[in-house]
Structure formats: structure tokens, C-alpha cells
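> File name upload_36.tsv; file contents TSV, C-alpha atoms; full text below.
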chain	number	residue	atom	x	y	z
A	1	MET	CA	86.66	-54.81	6.28
A	2	TYR	CA	89.84	-52.86	5.49
A	3	SER	CA	91.82	-54.07	2.48
A	4	VAL	CA	95.23	-52.44	2.29
A	5	ASN	CA	96.43	-50.79	-0.93
A	6	GLU	CA	99.06	-53.07	-2.48
A	7	LYS	CA	100.74	-50.12	-4.23
A	8	ARG	CA	101.14	-48.02	-1.09
A	9	TYR	CA	104.92	-47.74	-1.28
A	10	GLU	CA	105.19	-46.71	-4.92
A	11	THR	CA	104.83	-42.92	-4.62
A	12	MET	CA	105.93	-41.97	-1.09
A	13	VAL	CA	109.48	-40.73	-0.49
A	14	TYR	CA	111.34	-42.25	2.48
A	15	ASN	CA	114.21	-40.33	4.08
A	16	ARG	CA	116.92	-41.72	6.32
A	17	CYS	CA	116.61	-40.40	9.85
A	18	GLY	CA	119.98	-38.76	10.42
A	19	LYS	CA	122.73	-41.34	10.33
A	20	SER	CA	120.52	-44.12	11.70
A	21	GLY	CA	119.24	-47.10	9.78
A	22	LEU	CA	115.62	-45.98	10.11
A	23	LYS	CA	113.75	-44.33	7.25
A	24	LEU	CA	110.62	-42.23	7.72
A	25	PRO	CA	108.10	-41.14	5.11
A	26	ALA	CA	108.59	-37.54	4.00
A	27	VAL	CA	105.05	-36.92	5.29
A	28	SER	CA	103.92	-38.42	8.60
A	29	LEU	CA	100.53	-38.28	10.32
A	30	GLY	CA	100.27	-36.58	13.69
A	31	LEU	CA	97.37	-37.37	16.02
A	32	TRP	CA	97.59	-34.15	18.07
A	33	HIS	CA	94.17	-32.98	16.88
A	34	ASN	CA	90.99	-34.80	15.81
A	35	PHE	CA	91.70	-38.10	17.57
A	36	GLY	CA	90.25	-37.28	20.98
A	37	ASP	CA	86.96	-38.15	22.63
A	38	ASN	CA	85.27	-35.22	20.88
A	39	SER	CA	86.01	-36.58	17.37
A	40	ASP	CA	84.25	-39.08	15.12
A	41	PHE	CA	85.82	-42.54	15.37
A	42	ASP	CA	84.91	-43.61	11.84
A	43	ASN	CA	86.62	-40.50	10.50
A	44	MET	CA	89.73	-41.33	12.53
A	45	LYS	CA	89.81	-44.78	10.97
A	46	ALA	CA	89.35	-43.33	7.50
A	47	MET	CA	92.26	-40.94	8.01
A	48	CYS	CA	94.58	-43.71	9.23
A	49	ARG	CA	93.58	-45.93	6.32
A	50	THR	CA	94.11	-43.13	3.80
A	51	ALA	CA	97.51	-42.33	5.26
A	52	PHE	CA	98.73	-45.93	5.25
A	53	ASP	CA	97.30	-46.64	1.79
A	54	ASN	CA	99.44	-43.79	0.47
A	55	GLY	CA	102.72	-44.77	2.06
A	56	ILE	CA	102.49	-42.87	5.35
A	57	THR	CA	103.90	-45.51	7.65
A	58	HIS	CA	104.60	-43.19	10.60
A	59	PHE	CA	101.92	-42.28	13.16
A	60	ASP	CA	102.91	-39.82	15.88
A	61	LEU	CA	101.19	-39.54	19.27
A	62	ALA	CA	101.82	-38.33	22.83
A	63	ASN	CA	100.47	-39.38	26.18
A	64	ASN	CA	98.56	-36.08	26.57
A	65	TYR	CA	96.90	-35.95	23.14
A	66	GLY	CA	93.16	-35.78	23.44
A	67	PRO	CA	90.94	-34.41	24.76
A	68	VAL	CA	90.98	-35.92	27.32
A	69	GLU	CA	94.62	-36.81	27.99
A	70	GLY	CA	95.31	-40.32	26.69
A	71	ALA	CA	92.26	-40.42	24.42
A	72	ALA	CA	94.23	-40.30	21.15
A	73	GLU	CA	96.31	-43.29	22.21
A	74	ILE	CA	93.19	-45.23	23.24
A	75	ASN	CA	91.45	-44.48	19.95
A	76	PHE	CA	94.55	-45.29	17.92
A	77	GLY	CA	94.91	-48.55	19.83
A	78	LYS	CA	91.39	-49.52	18.75
A	79	ILE	CA	92.21	-48.67	15.14
A	80	LEU	CA	95.39	-50.76	15.31
A	81	LYS	CA	93.45	-53.75	16.61
A	82	GLU	CA	90.61	-53.46	14.11
A	83	ASP	CA	92.51	-52.51	10.93
A	84	PHE	CA	96.26	-52.94	11.30
A	85	ALA	CA	96.73	-56.01	13.49
A	86	GLY	CA	98.82	-57.84	10.91
A	87	LEU	CA	100.73	-54.78	9.75
A	88	ARG	CA	102.60	-53.67	12.88
A	89	ASP	CA	106.03	-54.41	11.39
A	90	GLU	CA	105.28	-52.04	8.50
A	91	MET	CA	104.46	-49.16	10.84
A	92	ILE	CA	106.45	-46.62	12.82
A	93	ILE	CA	104.56	-45.62	15.95
A	94	SER	CA	105.88	-42.92	18.24
A	95	THR	CA	104.69	-41.38	21.47
A	96	LYS	CA	105.98	-38.84	23.98
A	97	ALA	CA	105.87	-37.78	27.61
A	98	GLY	CA	106.75	-34.47	29.20
A	99	TYR	CA	103.55	-32.51	29.70
A	100	TYR	CA	100.89	-32.78	32.41
A	101	MET	CA	99.15	-36.15	32.65
A	102	TRP	CA	97.98	-36.75	36.23
A	103	PRO	CA	97.78	-34.85	39.55
A	104	GLY	CA	100.63	-34.57	41.98
A	105	PRO	CA	104.41	-34.20	41.64
A	106	TYR	CA	104.94	-37.30	39.49
A	107	GLY	CA	102.66	-36.56	36.53
A	108	ASP	CA	104.63	-33.97	34.58
A	109	TRP	CA	108.06	-32.91	33.23
A	110	GLY	CA	111.04	-35.29	33.02
A	111	SER	CA	111.76	-37.38	36.09
A	112	ARG	CA	112.58	-41.07	35.79
A	113	LYS	CA	109.39	-41.80	37.76
A	114	TYR	CA	107.20	-39.88	35.33
A	115	LEU	CA	108.76	-41.08	32.09
A	116	ILE	CA	108.77	-44.78	32.92
A	117	SER	CA	105.23	-44.62	34.29
A	118	SER	CA	104.20	-42.77	31.14
A	119	ILE	CA	105.58	-45.29	28.67
A	120	ASP	CA	103.88	-48.11	30.57
A	121	GLN	CA	100.55	-46.28	30.44
A	122	SER	CA	100.95	-45.41	26.73
A	123	LEU	CA	101.68	-49.01	25.76
A	124	LYS	CA	98.64	-50.19	27.70
A	125	ARG	CA	96.37	-47.62	26.04
A	126	MET	CA	97.54	-48.58	22.55
A	127	GLY	CA	97.73	-52.31	23.22
A	128	LEU	CA	101.38	-52.48	22.14
A	129	GLU	CA	104.47	-54.23	23.44
A	130	TYR	CA	106.75	-51.43	22.24
A	131	VAL	CA	106.82	-48.16	20.33
A	132	ASP	CA	109.33	-47.45	17.63
A	133	ILE	CA	110.26	-44.00	18.93
A	134	PHE	CA	109.76	-42.61	22.44
A	135	TYR	CA	110.36	-38.88	22.99
A	136	HIS	CA	110.93	-36.69	25.97
A	137	HIS	CA	108.40	-34.00	25.07
A	138	ARG	CA	110.05	-30.85	26.49
A	139	MET	CA	113.10	-29.67	28.38
A	140	ASP	CA	112.76	-29.86	32.18
A	141	PRO	CA	114.49	-26.95	33.97
A	142	GLU	CA	114.47	-28.72	37.35
A	143	THR	CA	115.30	-32.38	36.66
A	144	PRO	CA	118.98	-33.12	35.86
A	145	LEU	CA	119.36	-33.87	32.17
A	146	GLU	CA	121.30	-36.99	33.10
A	147	GLU	CA	118.28	-38.41	34.95
A	148	THR	CA	115.95	-37.81	32.02
A	149	MET	CA	118.35	-39.35	29.53
A	150	GLU	CA	119.00	-42.35	31.76
A	151	ALA	CA	115.24	-42.92	31.92
A	152	LEU	CA	115.14	-42.98	28.11
A	153	ALA	CA	118.03	-45.44	28.17
A	154	GLN	CA	116.17	-47.71	30.58
A	155	ILE	CA	113.07	-47.61	28.39
A	156	VAL	CA	115.11	-48.84	25.41
A	157	ARG	CA	116.91	-51.49	27.44
A	158	SER	CA	113.57	-52.82	28.69
A	159	GLY	CA	112.37	-53.27	25.10
A	160	LYS	CA	109.59	-50.70	25.40
A	161	ALA	CA	111.06	-48.48	22.64
A	162	LEU	CA	113.42	-49.15	19.74
A	163	TYR	CA	114.71	-45.58	19.39
A	164	VAL	CA	114.47	-42.37	21.40
A	165	GLY	CA	114.01	-38.74	20.48
A	166	ILE	CA	113.69	-35.37	22.11
A	167	SER	CA	111.07	-32.72	21.40
A	168	ASN	CA	111.03	-28.95	21.88
A	169	TYR	CA	114.73	-28.84	22.83
A	170	ASP	CA	117.11	-26.11	21.69
A	171	GLY	CA	120.49	-26.63	19.99
A	172	PRO	CA	122.77	-26.44	23.07
A	173	THR	CA	120.58	-28.80	25.12
A	174	LEU	CA	120.33	-31.16	22.15
A	175	GLU	CA	124.12	-31.36	22.07
A	176	LYS	CA	124.32	-32.14	25.80
A	177	ALA	CA	121.56	-34.74	25.57
A	178	SER	CA	123.22	-36.36	22.57
A	179	ALA	CA	126.53	-36.67	24.41
A	180	ILE	CA	124.85	-38.37	27.39
A	181	LEU	CA	122.85	-40.76	25.22
A	182	THR	CA	125.92	-41.63	23.15
A	183	GLU	CA	127.81	-42.54	26.32
A	184	LEU	CA	124.85	-44.68	27.39
A	185	HIS	CA	124.79	-46.40	23.96
A	186	VAL	CA	121.18	-45.36	23.35
A	187	PRO	CA	119.86	-45.09	19.76
A	188	PHE	CA	118.92	-41.40	19.86
A	189	ILE	CA	117.97	-40.56	16.28
A	190	ILE	CA	115.50	-37.69	16.04
A	191	ASN	CA	114.35	-34.26	17.20
A	192	GLN	CA	110.75	-33.09	16.97
A	193	ASN	CA	110.20	-29.34	16.83
A	194	ARG	CA	107.82	-26.72	15.51
A	195	TYR	CA	108.96	-25.40	12.13
A	196	SER	CA	107.25	-23.53	9.32
A	197	ILE	CA	107.70	-20.62	6.95
A	198	PHE	CA	106.26	-18.46	9.73
A	199	ASP	CA	108.13	-20.06	12.67
A	200	ARG	CA	111.86	-20.50	12.20
A	201	THR	CA	112.85	-20.90	15.83
A	202	ILE	CA	114.95	-24.01	15.16
A	203	GLU	CA	117.10	-21.94	12.83
A	204	GLN	CA	117.48	-19.19	15.42
A	205	ASN	CA	118.23	-21.43	18.42
A	206	GLY	CA	120.77	-23.52	16.55
A	207	LEU	CA	118.88	-26.81	16.58
A	208	LYS	CA	118.60	-27.23	12.83
A	209	GLU	CA	122.33	-26.93	12.19
A	210	LYS	CA	123.29	-28.85	15.34
A	211	ALA	CA	121.05	-31.80	14.42
A	212	LYS	CA	122.71	-31.96	11.01
A	213	GLU	CA	126.16	-31.77	12.59
A	214	LEU	CA	125.37	-34.58	15.04
A	215	GLY	CA	123.71	-36.78	12.43
A	216	LYS	CA	120.24	-36.64	13.97
A	217	GLY	CA	116.98	-36.42	12.10
A	218	ILE	CA	114.37	-33.69	12.46
A	219	ILE	CA	110.61	-34.11	12.23
A	220	CYS	CA	108.55	-30.94	12.25
A	221	PHE	CA	105.12	-30.29	13.70
A	222	SER	CA	102.79	-27.40	12.87
A	223	PRO	CA	104.33	-27.09	9.38
A	224	LEU	CA	101.21	-25.22	8.22
A	225	ALA	CA	101.26	-22.87	11.22
A	226	GLN	CA	97.96	-24.20	12.62
A	227	GLY	CA	96.30	-23.71	9.24
A	228	LEU	CA	97.58	-20.22	8.43
A	229	LEU	CA	99.67	-21.60	5.57
A	230	THR	CA	96.62	-22.95	3.74
A	231	ASP	CA	93.82	-21.39	1.72
A	232	ARG	CA	91.61	-21.25	4.83
A	233	TYR	CA	92.52	-17.68	5.73
A	234	LEU	CA	93.02	-16.05	2.34
A	235	ASN	CA	89.79	-14.09	2.71
A	236	GLY	CA	89.64	-13.63	6.48
A	237	ILE	CA	88.72	-15.97	9.33
A	238	PRO	CA	86.03	-18.58	8.53
A	239	GLU	CA	83.40	-19.20	11.19
A	240	ASP	CA	84.19	-22.95	11.24
A	241	SER	CA	87.95	-22.45	11.53
A	242	ARG	CA	89.99	-23.75	14.45
A	243	ILE	CA	90.42	-20.18	15.68
A	244	LYS	CA	86.68	-19.77	16.07
A	245	THR	CA	85.90	-23.26	17.37
A	246	ASP	CA	88.94	-23.90	19.60
A	247	GLY	CA	91.30	-20.94	20.02
A	248	ARG	CA	93.76	-22.75	22.29
A	249	PHE	CA	96.69	-22.80	19.88
A	250	LEU	CA	95.86	-20.00	17.45
A	251	ARG	CA	94.09	-16.86	18.58
A	252	GLU	CA	92.02	-14.49	16.50
A	253	SER	CA	94.20	-11.58	17.65
A	254	SER	CA	97.18	-13.11	15.83
A	255	ILE	CA	95.46	-12.79	12.43
A	256	THR	CA	96.38	-9.20	11.70
A	257	ASP	CA	95.98	-7.39	8.40
A	258	GLU	CA	99.74	-7.71	7.94
A	259	LYS	CA	99.59	-11.49	8.48
A	260	LEU	CA	96.71	-11.83	6.01
A	261	SER	CA	98.71	-9.84	3.46
A	262	GLN	CA	101.66	-12.19	3.94
A	263	ILE	CA	99.44	-15.25	3.50
A	264	ARG	CA	98.00	-13.84	0.26
A	265	ALA	CA	101.47	-12.96	-1.06
A	266	LEU	CA	102.78	-16.45	-0.26
A	267	ASN	CA	99.77	-17.91	-2.01
A	268	GLU	CA	100.74	-16.05	-5.17
A	269	VAL	CA	104.23	-17.59	-5.02
A	270	ALA	CA	102.64	-21.02	-4.61
A	271	LYS	CA	100.37	-20.44	-7.61
A	272	ARG	CA	103.36	-19.64	-9.81
A	273	ARG	CA	104.94	-22.91	-8.68
A	274	GLY	CA	101.79	-24.83	-9.56
A	275	GLN	CA	101.12	-25.67	-5.92
A	276	THR	CA	98.59	-24.81	-3.27
A	277	LEU	CA	99.87	-22.74	-0.38
A	278	ALA	CA	99.80	-25.82	1.88
A	279	GLU	CA	101.78	-27.88	-0.63
A	280	MET	CA	104.39	-25.15	-0.97
A	281	ALA	CA	104.67	-24.71	2.81
A	282	LEU	CA	105.36	-28.42	3.28
A	283	ALA	CA	107.75	-28.54	0.33
A	284	TRP	CA	109.65	-25.53	1.74
A	285	ILE	CA	110.42	-27.48	4.92
A	286	LEU	CA	111.72	-30.49	2.95
A	287	LYS	CA	113.71	-28.44	0.46
A	288	ASP	CA	117.25	-28.72	1.84
A	289	GLY	CA	117.41	-32.26	3.26
A	290	TYR	CA	117.78	-31.16	6.89
A	291	VAL	CA	114.26	-32.30	7.79
A	292	THR	CA	113.48	-36.01	7.66
A	293	SER	CA	109.69	-35.72	7.76
A	294	VAL	CA	106.88	-33.22	8.19
A	295	LEU	CA	104.05	-34.04	10.58
A	296	ILE	CA	100.69	-33.17	9.18
A	297	GLY	CA	97.43	-33.00	11.08
A	298	ALA	CA	94.12	-33.57	9.36
A	299	SER	CA	90.41	-33.41	10.02
A	300	LYS	CA	89.43	-35.51	7.00
A	301	PRO	CA	91.08	-37.95	4.57
A	302	ALA	CA	91.06	-35.50	1.64
A	303	GLN	CA	93.45	-33.19	3.49
A	304	ILE	CA	95.97	-36.02	3.79
A	305	LEU	CA	95.83	-36.69	0.05
A	306	ASP	CA	96.29	-32.98	-0.68
A	307	ASN	CA	99.29	-32.65	1.64
A	308	ILE	CA	101.08	-35.67	0.19
A	309	LYS	CA	101.29	-33.83	-3.13
A	310	ALA	CA	103.99	-31.60	-1.60
A	311	ILE	CA	106.64	-34.27	-2.16
A	312	ASN	CA	106.25	-33.91	-5.93
A	313	ASN	CA	108.10	-30.58	-6.00
A	314	THR	CA	110.50	-29.68	-3.19
A	315	GLU	CA	112.95	-27.71	-5.29
A	316	PHE	CA	112.96	-23.91	-5.07
A	317	THR	CA	114.83	-21.33	-7.08
A	318	ALA	CA	116.98	-18.79	-5.26
A	319	GLN	CA	114.52	-16.10	-6.35
A	320	GLU	CA	111.56	-17.99	-4.87
A	321	LEU	CA	113.34	-18.47	-1.57
A	322	LYS	CA	114.27	-14.80	-1.41
A	323	GLU	CA	110.70	-13.77	-2.19
A	324	ILE	CA	109.36	-16.01	0.59
A	325	ASP	CA	111.89	-14.58	3.04
A	326	ASP	CA	111.08	-11.02	2.02
A	327	ILE	CA	107.35	-11.62	2.46
A	328	CYS	CA	107.89	-12.99	5.97
A	329	ALA	CA	110.16	-10.08	6.81
A	330	GLY	CA	107.57	-7.54	5.68
A	331	LYS	CA	109.64	-6.44	2.66
A	332	MET	CA	106.91	-7.04	0.08
Before we go any further, please render this structure as C-alpha cells.


Amino acid sequence: MYSVNEKRYETMVYNRCGKSGLKLPAVSLGLWHNFGDNSDFDNMKAMCRTAFDNGITHFDLANNYGPVEGAAEINFGKILKEDFAGLRDEMIISTKAGYYMWPGPYGDWGSRKYLISSIDQSLKRMGLEYVDIFYHHRMDPETPLEETMEALAQIVRSGKALYVGISNYDGPTLEKASAILTELHVPFIINQNRYSIFDRTIEQNGLKEKAKELGKGIICFSPLAQGLLTDRYLNGIPEDSRIKTDGRFLRESSITDEKLSQIRALNEVAKRRGQTLAEMALAWILKDGYVTSVLIGASKPAQILDNIKAINNTEFTAQELKEIDDICAGKM
């Protein structure tokens, strides 16, 4: 029987999501990995309990998280029913749609048909009446942006989501989407994008600055670069690493001698700061207030506890920031 930690809100930092009234924990739990049919259910429950007991109120999913597609939502729905039934109002639950889910022309991308079908399926899998945030998961080059945004508006009007977000958009498309959603009076509050010391695409494509300008929050996934920004690869590639056992999102060919040298150099900076490399990598994302929350993935509860420590020191000196930039630029 799960007994919730009464002191769960005492140490977590909560940041306002853009100019909205919603606050998110500085660290959120993503269910992209380790919540599918190939994972241990008791371990999933332990990770959700550990997260919530330490102030992580936000749990992030998508319709296609698995394997198989939909499995993460089904498993999370079971956990909600068994452990969190009386705590729904203390939780932020988000899901997304935009990637392949079922055969045929209506199971992918960003049409009204696909998005509204997807939210209905997601709510059924999780056993929920609504989600707090519903995202369009990626830009659709063929569907008019107006159609996709109107679908998000309809989902909010129907009470199936409280807020909406967009994921994997660039700065110019974010601005267009924001204008449409503002005209439709839709509470669009957040962008979800990949961001890490090693992947600064949202700086290069203008999204980071544009989100700040428009008063929208940012939540970042893959903040540890699929594990590269941890101590896992300091001495090469472990046999039980995700690269060896999965290889879908991080390939062995990407771990060059140069990359390993960068990881080791960044680890030395982290040591001087009194942090692990993972803690420093998460703190680096939160350093300037642009990012509302970082999405961590985990394979066991201890990793969640380790990652939460990042919020204890998010301040960097100018020299530290320059050294990190120089390492990533190969100027060591």
C-alpha cells in the first residue's frame, strides 16, 4: 500500500510556465523509455512513487510511447488507479500525438481526424477524463497549420485538455501557431523540444528566444543526450548501455574519441562544481530561466533521486560557461 510522503513539496522548485498561471516542477518525469511492455511493472510503480514523493508532480507521455505504441499510457493508467487515485488534482499529466499510431492515412501527423481520435484513445488508455497538457508532437508539412491548431482548440473546448503545447517546432512556426491559438482563445502555454549541452538546436532555430518573447514555457527532453552526459560513458561504451541493448536513438558510431574526450572534459568541470556530470548537465539547462522544466528519463528510482539534486546549484560563472562552450566547440 503506497503512503505518500507528506513533505514532498518542501525541496522541489516550481517554475511558472511562461506567462500562464501553471507552475511545473523544475524536474519532470518522462515516460518515453522504460514504461513499455518490455519493462518491469513494479519498477515503473517505484519510479512514479519516488518522483511524486520528491515533488515531481508532472508526468509526461505520448500516444506512441512503448513498446508497443500506447503501452506507456496503459501502464501509467494502471499506476494511477492503484497508487494515485485520490491525488489527481496534485498531478500534471501530459500526452501528445503526431507520430505513427495506426495503419492508414488517419494514424499519423496532424489532421483534425488524427488528433481528436488520438486524445480519445489516450484518455481511454489512462482512464482519465482529461489531461492537463495536450501537445501536437511534430510539425506537419502537409496539413494546414490552421487545421492542426483548430483541432487543439476543439480538444480544450471539449474539456479533454486544460492547456495545449507544441513539440519539435521551430521558432518561426511557433510564432505562427501562437498567433492562431491566441485568436482562437486557446491556453497555449508550452513548447517541448530536445535541448542539452550537446544539442542546442532550439538556440539555432530561434525557438528559445521566441518562446521567451511570446511568454511561453519550454520543457526539454533528452537533457542528458541519451545518457552521454552522465558517467556511463566516461571509460567507453558499457555492454549494458542503451547503445548496446537498443541502438534506436543513440548509435555506437556516434561515440567517437572526440566525443569521449568532450564528455571527460565536461566531467572535470562538473567535479569542480561539486556535481556529477548529469547534475551539471541538468543545471546548465535551467541556468538562465528560459526553460521551465527538464524532462528526465529513468530506469530505476535511484536515478530520479540523483537527477533531482541538479536544482541545488543552477548558477554558473562566466568562466564555467565559456569552458563548457569551448569543450563542445572542440577548443579544449

> Using all atoms listed in the file, what does the table of stretch 37-93 of chain A residues within 10 Å of stretch 133-156 of chain A look like, with each row giving the shortest atom pair and its distance in Å to one decimal, sorted by chain and ascending number, as a Markdown table?


| residue | atom | partner | partner_atom | distance |
| --- | --- | --- | --- | --- |
| A:Asp60 | CA | A:Ile133 | CA | 9.0 |
| A:Leu61 | CA | A:Phe134 | CA | 9.6 |
| A:Ala62 | CA | A:His137 | CA | 8.2 |
| A:Asn63 | CA | A:His137 | CA | 9.6 |
| A:Ile92 | CA | A:Ile133 | CA | 7.7 |
| A:Ile93 | CA | A:Ile133 | CA | 6.6 |

> Could those residues be written to a file, using C-alpha atoms, as an mmCIF file, in the frame of the given file?


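After the write, part-v8.cif holds the following:
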data_model
loop_
_atom_site.group_PDB
_atom_site.id
_atom_site.type_symbol
_atom_site.label_atom_id
_atom_site.label_comp_id
_atom_site.auth_asym_id
_atom_site.auth_seq_id
_atom_site.Cartn_x
_atom_site.Cartn_y
_atom_site.Cartn_z
ATOM 1 C CA ASP A 60 102.910 -39.820 15.880
ATOM 2 C CA LEU A 61 101.190 -39.540 19.270
ATOM 3 C CA ALA A 62 101.820 -38.330 22.830
ATOM 4 C CA ASN A 63 100.470 -39.380 26.180
ATOM 5 C CA ILE A 92 106.450 -46.620 12.820
ATOM 6 C CA ILE A 93 104.560 -45.620 15.950
#

> Check the smallest atom-to-atom distance from each of A:Lys23, A:Phe59, A:Glu239, A:Met47 to A:Gln303 using only C-alpha atoms, then report the winner.

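Closest to A:Gln303 of all the choices is A:Met47.
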
> Quick one: axis-aligned box around all listed atoms of stretch 66-85 of chain A, 6 Å on every side, centre and edge lengths in Å to one decimal, written as AutoDock Vina command-line options.


--center_x 93.7 --center_y -45.2 --center_z 19.5 --size_x 18.1 --size_y 33.6 --size_z 29.1

> Would you mind telling me which residue in A:Ala278, A:Leu321, A:Ile74, A:Leu266 lies nearest to A:Ile304 when using all atoms listed in the file?

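Closest candidate: A:Ala278.
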
> Restricting the calculation to all atoms listed in the file: of A:Val131, A:Val4, A:Leu286, A:Val186, which residue gets closest to A:Leu87?

A:Val4

> Working from the structure I just supplied, which lacks atoms in stretch 295-308 of chain A, can you model N, CA, C and O atoms there and output them as a compact mmCIF listing (two decimals), in the frame of the given file?


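And here's rebuild_18.txt as it stands now:
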# COMPACT_ATOMS: atom_id res chain seq x y z
N LEU A 295 105.23 -33.47 9.93
CA LEU A 295 104.05 -34.04 10.58
C LEU A 295 102.84 -33.23 10.20
O LEU A 295 102.75 -32.04 10.52
N ILE A 296 101.92 -33.86 9.52
CA ILE A 296 100.69 -33.17 9.18
C ILE A 296 99.58 -33.59 10.14
O ILE A 296 99.56 -34.70 10.64
N GLY A 297 98.67 -32.68 10.40
CA GLY A 297 97.43 -33.00 11.08
C GLY A 297 96.33 -32.93 10.04
O GLY A 297 96.47 -32.29 9.01
N ALA A 298 95.22 -33.58 10.32
CA ALA A 298 94.12 -33.57 9.36
C ALA A 298 92.81 -33.73 10.10
O ALA A 298 92.75 -34.31 11.19
N SER A 299 91.75 -33.21 9.48
CA SER A 299 90.41 -33.41 10.02
C SER A 299 89.57 -34.31 9.11
O SER A 299 88.49 -34.73 9.48
N LYS A 300 90.13 -34.61 7.92
CA LYS A 300 89.43 -35.51 7.00
C LYS A 300 90.45 -36.12 6.03
O LYS A 300 91.52 -35.55 5.79
N PRO A 301 90.13 -37.26 5.45
CA PRO A 301 91.08 -37.95 4.57
C PRO A 301 91.56 -37.12 3.39
O PRO A 301 92.72 -37.21 2.99
N ALA A 302 90.68 -36.28 2.82
CA ALA A 302 91.06 -35.50 1.64
C ALA A 302 92.24 -34.58 1.92
O ALA A 302 93.07 -34.33 1.03
N GLN A 303 92.33 -34.07 3.14
CA GLN A 303 93.45 -33.19 3.49
C GLN A 303 94.77 -33.96 3.44
O GLN A 303 95.80 -33.40 3.05
N ILE A 304 94.75 -35.20 3.84
CA ILE A 304 95.97 -36.02 3.79
C ILE A 304 96.42 -36.20 2.35
O ILE A 304 97.61 -36.02 2.02
N LEU A 305 95.49 -36.51 1.48
CA LEU A 305 95.83 -36.69 0.05
C LEU A 305 96.38 -35.40 -0.54
O LEU A 305 97.34 -35.42 -1.33
N ASP A 306 95.81 -34.26 -0.17
CA ASP A 306 96.29 -32.98 -0.68
C ASP A 306 97.71 -32.70 -0.19
O ASP A 306 98.57 -32.25 -0.96
N ASN A 307 97.98 -32.97 1.08
CA ASN A 307 99.29 -32.65 1.64
C ASN A 307 100.40 -33.53 1.08
O ASN A 307 101.54 -33.08 0.94
N ILE A 308 100.07 -34.76 0.74
CA ILE A 308 101.08 -35.67 0.19
C ILE A 308 101.64 -35.14 -1.13
O ILE A 308 102.80 -35.39 -1.48
